[in-house]
file input.cif (mmCIF, N, CA and C atoms)
data_upload
#
loop_
_atom_site.label_atom_id
_atom_site.label_comp_id
_atom_site.auth_asym_id
_atom_site.auth_seq_id
_atom_site.Cartn_x
_atom_site.Cartn_y
_atom_site.Cartn_z
N MET U 24 -39.07 -29.31 -8.21
CA MET U 24 -39.54 -29.30 -6.85
C MET U 24 -41.00 -28.85 -6.84
N ARG U 25 -41.75 -29.44 -6.00
CA ARG U 25 -43.16 -29.08 -5.87
C ARG U 25 -43.42 -28.73 -4.42
N VAL U 26 -44.13 -27.64 -4.18
CA VAL U 26 -44.48 -27.19 -2.84
C VAL U 26 -46.00 -27.16 -2.75
N VAL U 27 -46.53 -27.69 -1.66
CA VAL U 27 -47.97 -27.70 -1.45
C VAL U 27 -48.28 -26.74 -0.31
N ILE U 28 -49.22 -25.82 -0.57
CA ILE U 28 -49.61 -24.83 0.43
C ILE U 28 -51.12 -24.89 0.59
N ASP U 29 -51.56 -25.02 1.83
CA ASP U 29 -53.00 -25.01 2.11
C ASP U 29 -53.47 -23.57 2.25
N LEU U 30 -54.49 -23.21 1.49
CA LEU U 30 -55.06 -21.87 1.53
C LEU U 30 -56.58 -21.98 1.67
N PRO U 31 -57.19 -21.03 2.34
CA PRO U 31 -58.66 -21.01 2.38
C PRO U 31 -59.21 -20.88 0.97
N ASP U 32 -60.33 -21.51 0.70
CA ASP U 32 -60.92 -21.49 -0.64
C ASP U 32 -61.14 -20.09 -1.18
N ASN U 33 -61.55 -19.17 -0.33
CA ASN U 33 -61.90 -17.84 -0.80
C ASN U 33 -60.73 -16.87 -0.86
N LEU U 34 -59.56 -17.24 -0.34
CA LEU U 34 -58.44 -16.29 -0.30
C LEU U 34 -58.04 -15.80 -1.69
N LEU U 35 -57.78 -16.70 -2.59
CA LEU U 35 -57.33 -16.27 -3.91
C LEU U 35 -58.44 -15.58 -4.69
N LYS U 36 -59.69 -15.93 -4.43
CA LYS U 36 -60.78 -15.22 -5.09
C LYS U 36 -60.80 -13.77 -4.65
N GLU U 37 -60.43 -13.52 -3.41
CA GLU U 37 -60.42 -12.16 -2.87
C GLU U 37 -59.24 -11.34 -3.39
N VAL U 38 -58.10 -11.98 -3.59
CA VAL U 38 -56.90 -11.23 -3.97
C VAL U 38 -56.51 -11.40 -5.43
N SER U 39 -57.12 -12.34 -6.14
CA SER U 39 -56.77 -12.59 -7.53
C SER U 39 -57.09 -11.38 -8.39
N TYR U 40 -56.24 -11.14 -9.37
CA TYR U 40 -56.42 -9.96 -10.20
C TYR U 40 -56.40 -10.28 -11.69
N GLY U 41 -55.40 -11.05 -12.12
CA GLY U 41 -55.24 -11.20 -13.55
C GLY U 41 -55.39 -12.59 -14.11
N PHE U 42 -54.81 -13.56 -13.48
CA PHE U 42 -54.77 -14.89 -14.05
C PHE U 42 -55.96 -15.72 -13.58
N SER U 43 -56.53 -16.51 -14.49
CA SER U 43 -57.66 -17.37 -14.11
C SER U 43 -57.17 -18.67 -13.48
N ASP U 44 -55.93 -19.07 -13.78
CA ASP U 44 -55.32 -20.27 -13.22
C ASP U 44 -54.69 -19.92 -11.87
N LEU U 45 -55.17 -20.53 -10.79
CA LEU U 45 -54.69 -20.18 -9.46
C LEU U 45 -53.21 -20.47 -9.27
N GLU U 46 -52.73 -21.57 -9.84
CA GLU U 46 -51.29 -21.88 -9.73
C GLU U 46 -50.47 -20.79 -10.41
N MET U 47 -50.92 -20.35 -11.58
CA MET U 47 -50.22 -19.29 -12.30
C MET U 47 -50.23 -18.00 -11.49
N GLU U 48 -51.35 -17.70 -10.87
CA GLU U 48 -51.47 -16.49 -10.04
C GLU U 48 -50.44 -16.50 -8.92
N ILE U 49 -50.33 -17.62 -8.23
CA ILE U 49 -49.39 -17.72 -7.11
C ILE U 49 -47.96 -17.63 -7.62
N LYS U 50 -47.67 -18.32 -8.72
CA LYS U 50 -46.32 -18.26 -9.29
C LYS U 50 -45.98 -16.84 -9.72
N PHE U 51 -46.96 -16.14 -10.31
CA PHE U 51 -46.72 -14.76 -10.73
C PHE U 51 -46.41 -13.87 -9.53
N LEU U 52 -47.19 -14.01 -8.47
CA LEU U 52 -46.96 -13.20 -7.27
C LEU U 52 -45.58 -13.46 -6.68
N LEU U 53 -45.18 -14.73 -6.65
CA LEU U 53 -43.85 -15.06 -6.15
C LEU U 53 -42.77 -14.49 -7.06
N ALA U 54 -42.95 -14.63 -8.36
CA ALA U 54 -41.97 -14.12 -9.31
C ALA U 54 -41.81 -12.61 -9.19
N THR U 55 -42.92 -11.88 -9.06
CA THR U 55 -42.82 -10.42 -8.95
C THR U 55 -42.11 -10.02 -7.66
N LYS U 56 -42.36 -10.73 -6.59
CA LYS U 56 -41.67 -10.42 -5.33
C LYS U 56 -40.18 -10.69 -5.45
N LEU U 57 -39.81 -11.79 -6.11
CA LEU U 57 -38.39 -12.10 -6.30
C LEU U 57 -37.71 -11.06 -7.19
N VAL U 58 -38.43 -10.57 -8.21
CA VAL U 58 -37.89 -9.50 -9.06
C VAL U 58 -37.73 -8.23 -8.23
N GLU U 59 -38.74 -7.89 -7.47
CA GLU U 59 -38.72 -6.69 -6.63
C GLU U 59 -37.54 -6.72 -5.65
N MET U 60 -37.24 -7.91 -5.12
CA MET U 60 -36.14 -8.06 -4.17
C MET U 60 -34.78 -8.13 -4.86
N GLY U 61 -34.77 -8.19 -6.19
CA GLY U 61 -33.52 -8.28 -6.92
C GLY U 61 -32.93 -9.69 -6.95
N ARG U 62 -33.72 -10.68 -6.62
CA ARG U 62 -33.22 -12.06 -6.57
C ARG U 62 -33.20 -12.72 -7.95
N ILE U 63 -34.14 -12.33 -8.82
CA ILE U 63 -34.15 -12.83 -10.20
C ILE U 63 -34.46 -11.67 -11.14
N SER U 64 -34.13 -11.86 -12.40
CA SER U 64 -34.41 -10.83 -13.41
C SER U 64 -35.83 -11.00 -13.95
N THR U 65 -36.31 -9.97 -14.62
CA THR U 65 -37.63 -10.07 -15.25
C THR U 65 -37.61 -11.12 -16.36
N GLY U 66 -36.47 -11.26 -17.03
CA GLY U 66 -36.35 -12.29 -18.06
C GLY U 66 -36.46 -13.68 -17.48
N ARG U 67 -35.78 -13.91 -16.36
CA ARG U 67 -35.84 -15.22 -15.70
C ARG U 67 -37.25 -15.50 -15.19
N ALA U 68 -37.90 -14.47 -14.63
CA ALA U 68 -39.26 -14.63 -14.12
C ALA U 68 -40.22 -14.99 -15.24
N SER U 69 -40.14 -14.29 -16.36
CA SER U 69 -41.05 -14.58 -17.47
C SER U 69 -40.77 -15.96 -18.06
N GLU U 70 -39.49 -16.34 -18.09
CA GLU U 70 -39.13 -17.68 -18.58
C GLU U 70 -39.74 -18.75 -17.67
N TRP U 71 -39.62 -18.57 -16.36
CA TRP U 71 -40.16 -19.52 -15.39
C TRP U 71 -41.67 -19.65 -15.53
N LEU U 72 -42.34 -18.51 -15.77
CA LEU U 72 -43.80 -18.51 -15.89
C LEU U 72 -44.28 -18.99 -17.26
N GLY U 73 -43.36 -19.03 -18.23
CA GLY U 73 -43.74 -19.46 -19.58
C GLY U 73 -44.51 -18.39 -20.34
N ILE U 74 -44.24 -17.12 -20.03
CA ILE U 74 -44.87 -16.01 -20.74
C ILE U 74 -43.78 -15.09 -21.27
N SER U 75 -44.13 -14.23 -22.20
CA SER U 75 -43.14 -13.31 -22.75
C SER U 75 -42.77 -12.25 -21.72
N LYS U 76 -41.59 -11.70 -21.88
CA LYS U 76 -41.15 -10.64 -20.97
C LYS U 76 -42.06 -9.42 -21.04
N PRO U 77 -42.47 -8.96 -22.25
CA PRO U 77 -43.41 -7.83 -22.30
C PRO U 77 -44.72 -8.11 -21.56
N LEU U 78 -45.23 -9.35 -21.66
CA LEU U 78 -46.45 -9.70 -20.94
C LEU U 78 -46.21 -9.67 -19.43
N PHE U 79 -45.08 -10.19 -19.00
CA PHE U 79 -44.75 -10.16 -17.57
C PHE U 79 -44.71 -8.72 -17.07
N LEU U 80 -44.03 -7.84 -17.81
CA LEU U 80 -43.94 -6.43 -17.40
C LEU U 80 -45.31 -5.76 -17.40
N ARG U 81 -46.12 -6.08 -18.38
CA ARG U 81 -47.48 -5.51 -18.45
C ARG U 81 -48.31 -5.96 -17.25
N GLU U 82 -48.22 -7.25 -16.92
CA GLU U 82 -48.96 -7.77 -15.77
C GLU U 82 -48.46 -7.15 -14.47
N MET U 83 -47.16 -6.91 -14.36
CA MET U 83 -46.65 -6.22 -13.18
C MET U 83 -47.30 -4.85 -13.06
N GLY U 84 -47.43 -4.16 -14.17
CA GLY U 84 -48.07 -2.85 -14.18
C GLY U 84 -49.53 -2.92 -13.76
N ARG U 85 -50.23 -3.96 -14.19
CA ARG U 85 -51.64 -4.11 -13.80
C ARG U 85 -51.77 -4.31 -12.29
N TYR U 86 -50.75 -4.87 -11.69
CA TYR U 86 -50.75 -5.07 -10.24
C TYR U 86 -50.21 -3.84 -9.51
N GLY U 87 -49.85 -2.80 -10.26
CA GLY U 87 -49.33 -1.59 -9.64
C GLY U 87 -47.89 -1.72 -9.20
N LEU U 88 -47.15 -2.65 -9.82
CA LEU U 88 -45.76 -2.89 -9.45
C LEU U 88 -44.84 -2.33 -10.52
N SER U 89 -43.65 -1.96 -10.12
CA SER U 89 -42.67 -1.42 -11.05
C SER U 89 -41.38 -2.22 -10.94
N ILE U 90 -40.69 -2.37 -12.06
CA ILE U 90 -39.39 -3.04 -12.00
C ILE U 90 -38.32 -2.08 -11.50
N LEU U 91 -38.66 -0.80 -11.44
CA LEU U 91 -37.72 0.21 -10.97
C LEU U 91 -38.10 0.63 -9.55
N PRO U 92 -37.29 0.24 -8.56
CA PRO U 92 -37.63 0.64 -7.20
C PRO U 92 -37.45 2.15 -7.02
N VAL U 93 -38.46 2.80 -6.53
CA VAL U 93 -38.41 4.24 -6.32
C VAL U 93 -38.87 4.53 -4.90
N ASP U 94 -37.97 5.14 -4.13
CA ASP U 94 -38.38 5.53 -2.79
C ASP U 94 -38.61 7.05 -2.78
N THR U 95 -39.35 7.51 -1.83
CA THR U 95 -39.75 8.92 -1.76
C THR U 95 -38.55 9.84 -1.69
N GLU U 96 -37.54 9.47 -0.91
CA GLU U 96 -36.36 10.32 -0.75
C GLU U 96 -35.63 10.50 -2.08
N SER U 97 -35.44 9.42 -2.83
CA SER U 97 -34.77 9.52 -4.13
C SER U 97 -35.58 10.36 -5.10
N LEU U 98 -36.88 10.19 -5.08
CA LEU U 98 -37.76 10.96 -5.97
C LEU U 98 -37.67 12.45 -5.65
N GLU U 99 -37.69 12.80 -4.37
CA GLU U 99 -37.58 14.20 -3.97
C GLU U 99 -36.24 14.79 -4.38
N GLU U 100 -35.15 14.01 -4.23
CA GLU U 100 -33.83 14.47 -4.66
C GLU U 100 -33.81 14.70 -6.17
N ASP U 101 -34.42 13.81 -6.93
CA ASP U 101 -34.48 13.98 -8.38
C ASP U 101 -35.24 15.24 -8.76
N ILE U 102 -36.32 15.52 -8.09
CA ILE U 102 -37.11 16.74 -8.38
C ILE U 102 -36.27 17.98 -8.10
N ILE U 103 -35.57 17.98 -6.98
CA ILE U 103 -34.70 19.12 -6.64
C ILE U 103 -33.62 19.29 -7.69
N ASN U 104 -33.00 18.20 -8.11
CA ASN U 104 -31.93 18.26 -9.12
C ASN U 104 -32.45 18.79 -10.46
N VAL U 105 -33.64 18.38 -10.85
CA VAL U 105 -34.22 18.86 -12.11
C VAL U 105 -34.51 20.35 -12.00
N ARG U 106 -35.10 20.78 -10.90
CA ARG U 106 -35.41 22.21 -10.73
C ARG U 106 -34.14 23.05 -10.75
N GLU U 107 -33.08 22.56 -10.12
CA GLU U 107 -31.83 23.31 -10.10
C GLU U 107 -31.19 23.36 -11.48
N SER U 108 -31.32 22.31 -12.25
CA SER U 108 -30.70 22.28 -13.58
C SER U 108 -31.45 23.15 -14.58
N VAL U 109 -32.71 23.44 -14.32
CA VAL U 109 -33.51 24.27 -15.22
C VAL U 109 -33.19 25.75 -15.03
N ARG U 110 -32.75 26.10 -13.87
CA ARG U 110 -32.48 27.52 -13.56
C ARG U 110 -31.36 28.09 -14.38
#

call {"tool": "encode", "arguments": {"input": "input.cif", "output": "structure tokens"}}
result
Amino acid sequence: MRVVIDLPDNLLKEVSYGFSDLEMEIKFLLATKLVEMGRISTGRASEWLGISKPLFLREMGRYGLSILPVDTESLEEDIINVRESVR
């Protein structure tokens, strides 16, 4: 399947970070969002993009993304649990 999206010429230049190929950049952004939402695995995303899984994970890190969803409440609970276990 092929999808065509009209974008302003300067949009991707403003938001692009890692890939020089604009199609790859858009596919990467979509793949990371699908991984973040739990819709596909990092392995499936890297396979779709034609890159290794370690490279996919590294690129996610360059974008400031994590494969591990962490919310503030869970993080605070973990800190409390660690402090209590140290006592």

call {"tool": "atom_distance", "arguments": {"input": "input.cif", "atom1": "atom C of Ile102 (chain U)", "atom2": "atom C of Leu88 (chain U)"}}
result
22.2 Å

call {"tool": "select_by_dssp", "arguments": {"input": "input.cif", "residues": "chain U", "states": "helix (DSSP H, G or I)", "output": "short mmCIF file (atom, residue, chain, number, x, y, z; two decimals) with N, CA and C atoms, in the coordinates of the input"}}
result
data_model
loop_
_atom_site.label_atom_id
_atom_site.label_comp_id
_atom_site.auth_asym_id
_atom_site.auth_seq_id
_atom_site.Cartn_x
_atom_site.Cartn_y
_atom_site.Cartn_z
N LEU U 34 -59.56 -17.24 -0.34
CA LEU U 34 -58.44 -16.29 -0.30
C LEU U 34 -58.04 -15.80 -1.69
N LEU U 35 -57.78 -16.70 -2.59
CA LEU U 35 -57.33 -16.27 -3.91
C LEU U 35 -58.44 -15.58 -4.69
N LYS U 36 -59.69 -15.93 -4.43
CA LYS U 36 -60.78 -15.22 -5.09
C LYS U 36 -60.80 -13.77 -4.65
N GLU U 37 -60.43 -13.52 -3.41
CA GLU U 37 -60.42 -12.16 -2.87
C GLU U 37 -59.24 -11.34 -3.39
N VAL U 38 -58.10 -11.98 -3.59
CA VAL U 38 -56.90 -11.23 -3.97
C VAL U 38 -56.51 -11.40 -5.43
N LEU U 45 -55.17 -20.53 -10.79
CA LEU U 45 -54.69 -20.18 -9.46
C LEU U 45 -53.21 -20.47 -9.27
N GLU U 46 -52.73 -21.57 -9.84
CA GLU U 46 -51.29 -21.88 -9.73
C GLU U 46 -50.47 -20.79 -10.41
N MET U 47 -50.92 -20.35 -11.58
CA MET U 47 -50.22 -19.29 -12.30
C MET U 47 -50.23 -18.00 -11.49
N GLU U 48 -51.35 -17.70 -10.87
CA GLU U 48 -51.47 -16.49 -10.04
C GLU U 48 -50.44 -16.50 -8.92
N ILE U 49 -50.33 -17.62 -8.23
CA ILE U 49 -49.39 -17.72 -7.11
C ILE U 49 -47.96 -17.63 -7.62
N LYS U 50 -47.67 -18.32 -8.72
CA LYS U 50 -46.32 -18.26 -9.29
C LYS U 50 -45.98 -16.84 -9.72
N PHE U 51 -46.96 -16.14 -10.31
CA PHE U 51 -46.72 -14.76 -10.73
C PHE U 51 -46.41 -13.87 -9.53
N LEU U 52 -47.19 -14.01 -8.47
CA LEU U 52 -46.96 -13.20 -7.27
C LEU U 52 -45.58 -13.46 -6.68
N LEU U 53 -45.18 -14.73 -6.65
CA LEU U 53 -43.85 -15.06 -6.15
C LEU U 53 -42.77 -14.49 -7.06
N ALA U 54 -42.95 -14.63 -8.36
CA ALA U 54 -41.97 -14.12 -9.31
C ALA U 54 -41.81 -12.61 -9.19
N THR U 55 -42.92 -11.88 -9.06
CA THR U 55 -42.82 -10.42 -8.95
C THR U 55 -42.11 -10.02 -7.66
N LYS U 56 -42.36 -10.73 -6.59
CA LYS U 56 -41.67 -10.42 -5.33
C LYS U 56 -40.18 -10.69 -5.45
N LEU U 57 -39.81 -11.79 -6.11
CA LEU U 57 -38.39 -12.10 -6.30
C LEU U 57 -37.71 -11.06 -7.19
N VAL U 58 -38.43 -10.57 -8.21
CA VAL U 58 -37.89 -9.50 -9.06
C VAL U 58 -37.73 -8.23 -8.23
N GLU U 59 -38.74 -7.89 -7.47
CA GLU U 59 -38.72 -6.69 -6.63
C GLU U 59 -37.54 -6.72 -5.65
N THR U 65 -36.31 -9.97 -14.62
CA THR U 65 -37.63 -10.07 -15.25
C THR U 65 -37.61 -11.12 -16.36
N GLY U 66 -36.47 -11.26 -17.03
CA GLY U 66 -36.35 -12.29 -18.06
C GLY U 66 -36.46 -13.68 -17.48
N ARG U 67 -35.78 -13.91 -16.36
CA ARG U 67 -35.84 -15.22 -15.70
C ARG U 67 -37.25 -15.50 -15.19
N ALA U 68 -37.90 -14.47 -14.63
CA ALA U 68 -39.26 -14.63 -14.12
C ALA U 68 -40.22 -14.99 -15.24
N SER U 69 -40.14 -14.29 -16.36
CA SER U 69 -41.05 -14.58 -17.47
C SER U 69 -40.77 -15.96 -18.06
N GLU U 70 -39.49 -16.34 -18.09
CA GLU U 70 -39.13 -17.68 -18.58
C GLU U 70 -39.74 -18.75 -17.67
N TRP U 71 -39.62 -18.57 -16.36
CA TRP U 71 -40.16 -19.52 -15.39
C TRP U 71 -41.67 -19.65 -15.53
N LEU U 72 -42.34 -18.51 -15.77
CA LEU U 72 -43.80 -18.51 -15.89
C LEU U 72 -44.28 -18.99 -17.26
N LYS U 76 -41.59 -11.70 -21.88
CA LYS U 76 -41.15 -10.64 -20.97
C LYS U 76 -42.06 -9.42 -21.04
N PRO U 77 -42.47 -8.96 -22.25
CA PRO U 77 -43.41 -7.83 -22.30
C PRO U 77 -44.72 -8.11 -21.56
N LEU U 78 -45.23 -9.35 -21.66
CA LEU U 78 -46.45 -9.70 -20.94
C LEU U 78 -46.21 -9.67 -19.43
N PHE U 79 -45.08 -10.19 -19.00
CA PHE U 79 -44.75 -10.16 -17.57
C PHE U 79 -44.71 -8.72 -17.07
N LEU U 80 -44.03 -7.84 -17.81
CA LEU U 80 -43.94 -6.43 -17.40
C LEU U 80 -45.31 -5.76 -17.40
N ARG U 81 -46.12 -6.08 -18.38
CA ARG U 81 -47.48 -5.51 -18.45
C ARG U 81 -48.31 -5.96 -17.25
N GLU U 82 -48.22 -7.25 -16.92
CA GLU U 82 -48.96 -7.77 -15.77
C GLU U 82 -48.46 -7.15 -14.47
N MET U 83 -47.16 -6.91 -14.36
CA MET U 83 -46.65 -6.22 -13.18
C MET U 83 -47.30 -4.85 -13.06
N GLY U 84 -47.43 -4.16 -14.17
CA GLY U 84 -48.07 -2.85 -14.18
C GLY U 84 -49.53 -2.92 -13.76
N ARG U 85 -50.23 -3.96 -14.19
CA ARG U 85 -51.64 -4.11 -13.80
C ARG U 85 -51.77 -4.31 -12.29
N THR U 95 -39.35 7.51 -1.83
CA THR U 95 -39.75 8.92 -1.76
C THR U 95 -38.55 9.84 -1.69
N GLU U 96 -37.54 9.47 -0.91
CA GLU U 96 -36.36 10.32 -0.75
C GLU U 96 -35.63 10.50 -2.08
N SER U 97 -35.44 9.42 -2.83
CA SER U 97 -34.77 9.52 -4.13
C SER U 97 -35.58 10.36 -5.10
N LEU U 98 -36.88 10.19 -5.08
CA LEU U 98 -37.76 10.96 -5.97
C LEU U 98 -37.67 12.45 -5.65
N GLU U 99 -37.69 12.80 -4.37
CA GLU U 99 -37.58 14.20 -3.97
C GLU U 99 -36.24 14.79 -4.38
N GLU U 100 -35.15 14.01 -4.23
CA GLU U 100 -33.83 14.47 -4.66
C GLU U 100 -33.81 14.70 -6.17
N ASP U 101 -34.42 13.81 -6.93
CA ASP U 101 -34.48 13.98 -8.38
C ASP U 101 -35.24 15.24 -8.76
N ILE U 102 -36.32 15.52 -8.09
CA ILE U 102 -37.11 16.74 -8.38
C ILE U 102 -36.27 17.98 -8.10
N ILE U 103 -35.57 17.98 -6.98
CA ILE U 103 -34.70 19.12 -6.64
C ILE U 103 -33.62 19.29 -7.69
N ASN U 104 -33.00 18.20 -8.11
CA ASN U 104 -31.93 18.26 -9.12
C ASN U 104 -32.45 18.79 -10.46
N VAL U 105 -33.64 18.38 -10.85
CA VAL U 105 -34.22 18.86 -12.11
C VAL U 105 -34.51 20.35 -12.00
N ARG U 106 -35.10 20.78 -10.90
CA ARG U 106 -35.41 22.21 -10.73
C ARG U 106 -34.14 23.05 -10.75
N GLU U 107 -33.08 22.56 -10.12
CA GLU U 107 -31.83 23.31 -10.10
C GLU U 107 -31.19 23.36 -11.48
N SER U 108 -31.32 22.31 -12.25
CA SER U 108 -30.70 22.28 -13.58
C SER U 108 -31.45 23.15 -14.58
N VAL U 109 -32.71 23.44 -14.32
CA VAL U 109 -33.51 24.27 -15.22
C VAL U 109 -33.19 25.75 -15.03
#

call {"tool": "resolve_selection", "arguments": {"input": "input.cif", "expression": "the PyMOL selection byres ((chain U and resi 53-67) around 8)", "output": "ChimeraX atom specification"}}
result
/U:47-52,68-73,75-77,79-80,83,89-92

call {"tool": "axis_aligned_box", "arguments": {"input": "input.cif", "around": "region 56-70 of chain U", "padding_each_side": "4 Å", "output": "lines of an AutoDock Vina configuration file"}}
result
center_x = -37.6
center_y = -12.7
center_z = -11.4
size_x = 17.4
size_y = 20.1
size_z = 22.4

call {"tool": "atom_distance", "arguments": {"input": "input.cif", "atom1": "CA of Pro31 (chain U)", "atom2": "CA of Tyr86 (chain U)"}}
result
21.8 Å

call {"tool": "atom_distance", "arguments": {"input": "input.cif", "atom1": "atom C of Thr95 (chain U)", "atom2": "CA of Val109 (chain U)"}}
result
20.4 Å
